[in-house]
Amino acid sequence: MLRIGLDIMGGDFAPREAVLGAVQAREELGERLHIDLIGDRDAAMEIVKEAGANPIDFDYVHTTEVIGYNDHPTKAIMQKKNSSIALGFELLKERKIDAFVGAGNTGAMLVGAIYSVKPIEGIIRPTIATIIPKLDGKIGLLLDVGANADCRPDVLFQFGLLGSIFCQLVHKMENPRVGLLNIGEEKEKGNLATQAAYQLMEGNEQYNFTGNIEGRDIFDDKADVVVCDGFTGNVVLKACESFFYIMKKKGASNDFLDRFNYEDYGGTPILGVNAPVIIGHGISNAKAFKNMIKLAKDMVDTKLCENIKASF
């Protein structure tokens, strides 16, 4: 039995969309998947009934305490021990669930992961990654997208390995190509951090480094994994989101543009901690929550964390 914990109190449309996403995920993935709904039990059971599902198909960890988006992540985790996020990480730490999913305070999710299940030994900084659509219909991975605004060269080197392992196992890519996001393709380009990172990545035997790529190359076929610091990655991610919504408002639509819809990818995995953790977008709807749960399932099934441990 695979057991996934879901924070139903996080997100702009909590708890309804989270619970509906859990119902959809269980319908698609079957009885092998067991979901613990962490939050307001009475509200959750009512939503499950309205969706035509059986409340006994889920377990409930009751709380109405929430870590808000404006709460300080570290203080909130320490002070709001009965919050849905804190309880979720407690269950994960005690191995009562195999993975934890939530769309609440991103900082609190990161802090909770680092202080509960902790980083894998040898990893300097865990990272968060996001799927990027490619022009040829395939997908790529961009990391970091916000967890680490400043990165040393050895941290960027490790991001390349984390992204490569994730793409191999979860997305079944064979020998994924890793590129370093820079202001030019030449190895001498960039700031001191990217220049030094290039030296570490070049010729390494742990993953397939193919050199620098520029911003215009992110969506083509030059690299499967794009490595950058969290400041740069977050700017790229938010710019893409803005472009998607602007084009939608103008009524534009095509196959490639539609693949920027966050709902199709669910959430962002935290890579480098000892258990699968997925962070969702604050505006996540039921479809997004369903896909977060499916991603968590894939991370458990492929033993992603165990494989990362072995590599480090």
# chains A, B, ... in the order shown; residues from 1 in each chain; ligands from 1
call {"tool": "residues_around", "arguments": {"residues": "Ala275 in chain A", "least_positions_apart": "2", "cutoff": "8 Å", "atoms": "only C-alpha atoms", "output": "PyMOL selection string"}}
result
chain A and resi 92+98-99+117+273+277+305
call {"tool": "write_last_selection", "arguments": {"atoms": "N, CA and C atoms", "output": "PDB file, in the first residue's frame"}}
result
ATOM      1  N   LEU A  92       5.460  12.259   7.839  1.00  0.00           N
ATOM      2  CA  LEU A  92       6.503  11.845   6.904  1.00  0.00           C
ATOM      3  C   LEU A  92       7.761  11.425   7.663  1.00  0.00           C
ATOM      4  N   ASP A  98       4.317   7.893   2.828  1.00  0.00           N
ATOM      5  CA  ASP A  98       5.482   7.724   1.955  1.00  0.00           C
ATOM      6  C   ASP A  98       5.883   9.016   1.255  1.00  0.00           C
ATOM      7  N   ALA A  99       4.944   9.961   1.143  1.00  0.00           N
ATOM      8  CA  ALA A  99       5.207  11.238   0.468  1.00  0.00           C
ATOM      9  C   ALA A  99       4.236  12.272   1.012  1.00  0.00           C
ATOM     10  N   VAL A 117      12.501  15.563   7.509  1.00  0.00           N
ATOM     11  CA  VAL A 117      13.143  14.409   6.869  1.00  0.00           C
ATOM     12  C   VAL A 117      14.602  14.676   6.524  1.00  0.00           C
ATOM     13  N   VAL A 273      16.080  15.761  -0.462  1.00  0.00           N
ATOM     14  CA  VAL A 273      15.705  15.401   0.900  1.00  0.00           C
ATOM     15  C   VAL A 273      15.356  13.918   0.942  1.00  0.00           C
ATOM     16  N   VAL A 277       8.635  15.077  -1.453  1.00  0.00           N
ATOM     17  CA  VAL A 277       7.820  16.228  -1.057  1.00  0.00           C
ATOM     18  C   VAL A 277       7.505  17.030  -2.314  1.00  0.00           C
ATOM     19  N   CYS A 305      14.390   8.845  -4.073  1.00  0.00           N
ATOM     20  CA  CYS A 305      15.247   9.293  -2.967  1.00  0.00           C
ATOM     21  C   CYS A 305      16.343   8.279  -2.674  1.00  0.00           C
TER      22      CYS A 305
END
call {"tool": "residues_around", "arguments": {"residues": "His62 in chain A", "least_positions_apart": "4", "cutoff": "7 Å", "atoms": "only C-alpha atoms", "output": "number ranges by chain"}}
result
A: 38-41
call {"tool": "closest_atom_pairs", "arguments": {"of": "range 115-209 of chain A", "to": "range 245-255 of chain A", "cutoff": "12 Å", "atoms": "only C-alpha atoms", "output": "Markdown table"}}
result
| residue | atom | partner | partner_atom | distance |
| --- | --- | --- | --- | --- |
| A:Pro133 | CA | A:Asp255 | CA | 10.5 |
| A:Lys134 | CA | A:Asp255 | CA | 11.0 |
| A:Leu135 | CA | A:Asp255 | CA | 9.5 |
| A:Asp136 | CA | A:Asp255 | CA | 10.7 |
| A:Gly137 | CA | A:Asp255 | CA | 8.9 |
call {"tool": "closest_residue", "arguments": {"among": "A:Glu306, A:Cys228, A:Leu156, A:Asn261", "to": "Ser242 in chain A", "atoms": "only C-alpha atoms"}}
result
A:Asn261
call {"tool": "closest_residue", "arguments": {"among": "A:Lys290, A:Asn274, A:Ile132, A:Gly122", "to": "Leu257 in chain A", "atoms": "only C-alpha atoms"}}
result
A:Ile132
call {"tool": "residues_around", "arguments": {"residues": "Gln206 in chain A", "least_positions_apart": "5", "cutoff": "10 Å", "atoms": "only C-alpha atoms", "output": "PyMOL selection string"}}
result
chain A and resi 158+160-161+164-165+201+311
call {"tool": "write_last_selection", "arguments": {"atoms": "N, CA, C and O atoms", "output": "CSV table (one decimal), in the first residue's frame"}}
result
chain,number,residue,atom,x,y,z
A,158,GLN,N,25.9,19.9,-8.2
A,158,GLN,CA,25.0,18.9,-7.6
A,158,GLN,C,23.6,19.0,-8.2
A,158,GLN,O,22.9,18.0,-8.4
A,160,GLY,N,22.9,19.6,-11.2
A,160,GLY,CA,22.9,18.8,-12.4
A,160,GLY,C,22.7,17.4,-12.2
A,160,GLY,O,22.0,16.7,-13.0
A,161,LEU,N,23.3,16.8,-11.1
A,161,LEU,CA,23.1,15.4,-10.8
A,161,LEU,C,21.7,15.1,-10.4
A,161,LEU,O,21.1,14.1,-10.8
A,164,SER,N,19.4,15.2,-13.3
A,164,SER,CA,19.6,14.1,-14.2
A,164,SER,C,19.0,12.8,-13.7
A,164,SER,O,18.3,12.1,-14.4
A,165,ILE,N,19.2,12.5,-12.4
A,165,ILE,CA,18.6,11.3,-11.8
A,165,ILE,C,17.0,11.4,-11.9
A,165,ILE,O,16.4,10.4,-12.2
A,201,MET,N,31.6,20.8,-14.0
A,201,MET,CA,30.7,20.0,-14.7
A,201,MET,C,31.4,19.4,-16.0
A,201,MET,O,31.1,18.2,-16.3
A,311,SER,N,23.7,7.7,-5.3
A,311,SER,CA,24.6,8.5,-6.1
A,311,SER,C,25.5,9.5,-5.3
A,311,SER,O,26.6,9.9,-5.8
call {"tool": "select_by_dssp", "arguments": {"residues": "range 103-153 of chain A", "states": "strand (DSSP E)", "output": "ChimeraX atom specification"}}
result
/A:127-133,139-143
call {"tool": "write_last_selection", "arguments": {"atoms": "N, CA, C and O atoms", "output": "tab-separated table (two decimals), in the first residue's frame"}}
result
chain	number	residue	atom	x	y	z
A	127	THR	N	16.98	21.35	-3.68
A	127	THR	CA	16.54	22.28	-4.73
A	127	THR	C	15.10	21.98	-5.12
A	127	THR	O	14.59	20.88	-4.87
A	128	ILE	N	14.44	22.96	-5.70
A	128	ILE	CA	13.12	22.73	-6.27
A	128	ILE	C	13.21	22.90	-7.79
A	128	ILE	O	13.94	23.74	-8.29
A	129	ALA	N	12.49	22.03	-8.49
A	129	ALA	CA	12.59	21.98	-9.95
A	129	ALA	C	11.22	22.09	-10.58
A	129	ALA	O	10.20	21.79	-9.95
A	130	THR	N	11.18	22.53	-11.83
A	130	THR	CA	9.91	22.62	-12.53
A	130	THR	C	10.04	22.06	-13.94
A	130	THR	O	11.12	22.12	-14.55
A	131	ILE	N	8.96	21.50	-14.44
A	131	ILE	CA	8.92	20.99	-15.80
A	131	ILE	C	8.81	22.16	-16.79
A	131	ILE	O	8.09	23.13	-16.54
A	132	ILE	N	9.55	22.07	-17.90
A	132	ILE	CA	9.43	23.07	-18.97
A	132	ILE	C	9.08	22.35	-20.27
A	132	ILE	O	9.68	21.32	-20.60
A	133	PRO	N	8.10	22.86	-21.01
A	133	PRO	CA	7.74	22.23	-22.29
A	133	PRO	C	8.76	22.53	-23.36
A	133	PRO	O	9.40	23.59	-23.37
A	139	ILE	N	9.55	17.19	-22.83
A	139	ILE	CA	9.64	18.07	-21.67
A	139	ILE	C	11.09	18.14	-21.20
A	139	ILE	O	11.91	17.28	-21.51
A	140	GLY	N	11.38	19.20	-20.44
A	140	GLY	CA	12.68	19.35	-19.81
A	140	GLY	C	12.49	19.71	-18.36
A	140	GLY	O	11.36	19.78	-17.86
A	141	LEU	N	13.60	19.92	-17.66
A	141	LEU	CA	13.55	20.25	-16.24
A	141	LEU	C	14.42	21.47	-15.99
A	141	LEU	O	15.55	21.54	-16.49
A	142	LEU	N	13.90	22.42	-15.22
A	142	LEU	CA	14.64	23.63	-14.84
A	142	LEU	C	14.81	23.63	-13.33
A	142	LEU	O	13.85	23.48	-12.59
A	143	LEU	N	16.05	23.79	-12.87
A	143	LEU	CA	16.32	23.85	-11.43
A	143	LEU	C	17.60	24.64	-11.18
A	143	LEU	O	18.51	24.59	-12.01
call {"tool": "residues_around", "arguments": {"residues": "Tyr115 in chain A", "least_positions_apart": "5", "cutoff": "12 Å", "atoms": "only C-alpha atoms", "output": "list in words"}}
result
Pro73, Thr74, Ile77, Met78, Ala86, Phe89, Glu90, Leu92, Lys93, Ala108, Met109, Leu110, Ile120, Pro126, Val273 and Asn274 of chain A
call {"tool": "atom_distance", "arguments": {"atom1": "CA of Asn182 in chain A", "atom2": "CA of Phe244 in chain A"}}
result
23.4 Å
call {"tool": "residues_around", "arguments": {"residues": "Ile279 in chain A", "least_positions_apart": "3", "cutoff": "7 Å", "atoms": "only C-alpha atoms", "output": "ChimeraX atom specification"}}
result
/A:101-103,106,267-269
call {"tool": "select_by_dssp", "arguments": {"residues": "range 25-266 of chain A", "states": "helix (DSSP H, G or I)", "output": "JSON list (two decimals) with C-alpha atoms, in the first residue's frame"}}
result
[["chain", "number", "residue", "atom", "x", "y", "z"],
["A", 25, "ALA", "CA", -6.34, 10.72, -8.07],
["A", 26, "ARG", "CA", -7.78, 7.72, -6.25],
["A", 27, "GLU", "CA", -10.25, 7.09, -9.06],
["A", 28, "GLU", "CA", -7.38, 7.05, -11.59],
["A", 29, "LEU", "CA", -4.74, 5.23, -9.57],
["A", 41, "ARG", "CA", -12.08, 16.44, 8.80],
["A", 42, "ASP", "CA", -15.76, 17.46, 8.67],
["A", 43, "ALA", "CA", -15.26, 19.72, 5.65],
["A", 44, "ALA", "CA", -13.22, 17.06, 3.86],
["A", 45, "MET", "CA", -15.78, 14.32, 4.41],
["A", 46, "GLU", "CA", -18.57, 16.54, 3.13],
["A", 47, "ILE", "CA", -16.65, 17.37, -0.06],
["A", 48, "VAL", "CA", -15.85, 13.67, -0.61],
["A", 49, "LYS", "CA", -19.56, 12.84, -0.33],
["A", 50, "GLU", "CA", -20.53, 15.65, -2.72],
["A", 55, "PRO", "CA", -15.48, 8.87, 2.82],
["A", 56, "ILE", "CA", -14.11, 5.59, 4.17],
["A", 57, "ASP", "CA", -11.75, 5.44, 1.18],
["A", 73, "PRO", "CA", 8.27, 29.94, 7.46],
["A", 74, "THR", "CA", 10.66, 28.93, 10.24],
["A", 75, "LYS", "CA", 8.70, 30.57, 13.06],
["A", 76, "ALA", "CA", 5.42, 29.15, 11.78],
["A", 77, "ILE", "CA", 6.75, 25.57, 11.60],
["A", 78, "MET", "CA", 8.06, 25.87, 15.17],
["A", 79, "GLN", "CA", 5.06, 27.67, 16.65],
["A", 84, "SER", "CA", -1.60, 20.95, 8.45],
["A", 85, "ILE", "CA", 1.95, 21.46, 7.13],
["A", 86, "ALA", "CA", 3.63, 20.64, 10.46],
["A", 87, "LEU", "CA", 1.46, 17.56, 10.97],
["A", 88, "GLY", "CA", 2.17, 16.38, 7.43],
["A", 89, "PHE", "CA", 5.92, 16.54, 7.97],
["A", 90, "GLU", "CA", 5.58, 14.81, 11.33],
["A", 91, "LEU", "CA", 3.80, 11.92, 9.60],
["A", 92, "LEU", "CA", 6.50, 11.84, 6.90],
["A", 93, "LYS", "CA", 9.29, 11.87, 9.49],
["A", 106, "THR", "CA", 6.29, 27.47, -0.04],
["A", 107, "GLY", "CA", 8.89, 28.58, 2.50],
["A", 108, "ALA", "CA", 7.23, 26.53, 5.23],
["A", 109, "MET", "CA", 7.19, 23.47, 2.96],
["A", 110, "LEU", "CA", 10.92, 23.88, 2.32],
["A", 111, "VAL", "CA", 11.75, 24.47, 5.97],
["A", 112, "GLY", "CA", 9.56, 21.55, 7.01],
["A", 113, "ALA", "CA", 11.30, 19.21, 4.58],
["A", 114, "ILE", "CA", 14.79, 20.29, 5.66],
["A", 115, "TYR", "CA", 14.11, 20.09, 9.40],
["A", 116, "SER", "CA", 11.96, 16.95, 9.45],
["A", 153, "PRO", "CA", 29.67, 26.35, -8.01],
["A", 154, "ASP", "CA", 29.60, 22.99, -6.20],
["A", 155, "VAL", "CA", 25.89, 23.49, -5.46],
["A", 156, "LEU", "CA", 25.18, 24.08, -9.16],
["A", 157, "PHE", "CA", 27.19, 20.94, -9.95],
["A", 158, "GLN", "CA", 24.97, 18.92, -7.60],
["A", 159, "PHE", "CA", 21.81, 20.37, -9.16],
["A", 160, "GLY", "CA", 22.92, 18.84, -12.43],
["A", 161, "LEU", "CA", 23.14, 15.39, -10.85],
["A", 162, "LEU", "CA", 19.82, 15.73, -9.01],
["A", 163, "GLY", "CA", 18.05, 16.84, -12.18],
["A", 164, "SER", "CA", 19.63, 14.07, -14.23],
["A", 165, "ILE", "CA", 18.56, 11.34, -11.80],
["A", 166, "PHE", "CA", 15.02, 12.74, -11.60],
["A", 167, "CYS", "CA", 14.64, 12.80, -15.38],
["A", 168, "GLN", "CA", 16.06, 9.30, -15.79],
["A", 169, "LEU", "CA", 13.79, 7.69, -13.21],
["A", 170, "VAL", "CA", 10.56, 9.68, -13.18],
["A", 192, "LEU", "CA", 32.38, 33.80, -11.30],
["A", 193, "ALA", "CA", 29.93, 31.16, -10.05],
["A", 194, "THR", "CA", 28.90, 29.90, -13.49],
["A", 195, "GLN", "CA", 32.47, 29.96, -14.78],
["A", 196, "ALA", "CA", 33.62, 27.82, -11.85],
["A", 197, "ALA", "CA", 30.56, 25.55, -12.13],
["A", 198, "TYR", "CA", 31.40, 24.94, -15.78],
["A", 199, "GLN", "CA", 34.87, 23.75, -14.74],
["A", 200, "LEU", "CA", 33.32, 21.26, -12.30],
["A", 201, "MET", "CA", 30.71, 20.00, -14.74],
["A", 215, "GLY", "CA", 17.85, 31.76, -22.35],
["A", 216, "ARG", "CA", 16.65, 31.40, -25.94],
["A", 217, "ASP", "CA", 17.62, 27.70, -25.85],
["A", 230, "GLY", "CA", 17.19, 29.97, -7.74],
["A", 231, "PHE", "CA", 17.10, 33.71, -8.40],
["A", 232, "THR", "CA", 17.53, 33.24, -12.14],
["A", 233, "GLY", "CA", 15.25, 30.20, -12.28],
["A", 234, "ASN", "CA", 12.44, 31.93, -10.45],
["A", 235, "VAL", "CA", 12.60, 34.94, -12.78],
["A", 236, "VAL", "CA", 12.43, 32.58, -15.79],
["A", 237, "LEU", "CA", 9.52, 30.64, -14.28],
["A", 238, "LYS", "CA", 7.48, 33.75, -13.39],
["A", 239, "ALA", "CA", 8.14, 35.30, -16.80],
["A", 240, "CYS", "CA", 6.84, 32.12, -18.48],
["A", 241, "GLU", "CA", 3.74, 32.10, -16.26],
["A", 242, "SER", "CA", 3.08, 35.77, -17.04],
["A", 243, "PHE", "CA", 3.47, 35.18, -20.78],
["A", 244, "PHE", "CA", 1.05, 32.24, -20.62],
["A", 245, "TYR", "CA", -1.65, 34.23, -18.81],
["A", 246, "ILE", "CA", -1.22, 37.30, -21.02],
["A", 247, "MET", "CA", -1.64, 35.22, -24.18],
["A", 248, "LYS", "CA", -4.68, 33.48, -22.70],
["A", 249, "LYS", "CA", -6.28, 36.85, -21.92],
["A", 255, "ASP", "CA", -0.46, 23.26, -28.73],
["A", 256, "PHE", "CA", 2.85, 24.60, -27.45],
["A", 257, "LEU", "CA", 1.38, 27.50, -25.49],
["A", 258, "ASP", "CA", -1.20, 25.23, -23.84],
["A", 262, "TYR", "CA", 0.82, 24.44, -14.55],
["A", 263, "GLU", "CA", -2.21, 22.19, -13.94],
["A", 264, "ASP", "CA", -0.79, 19.53, -16.25]]
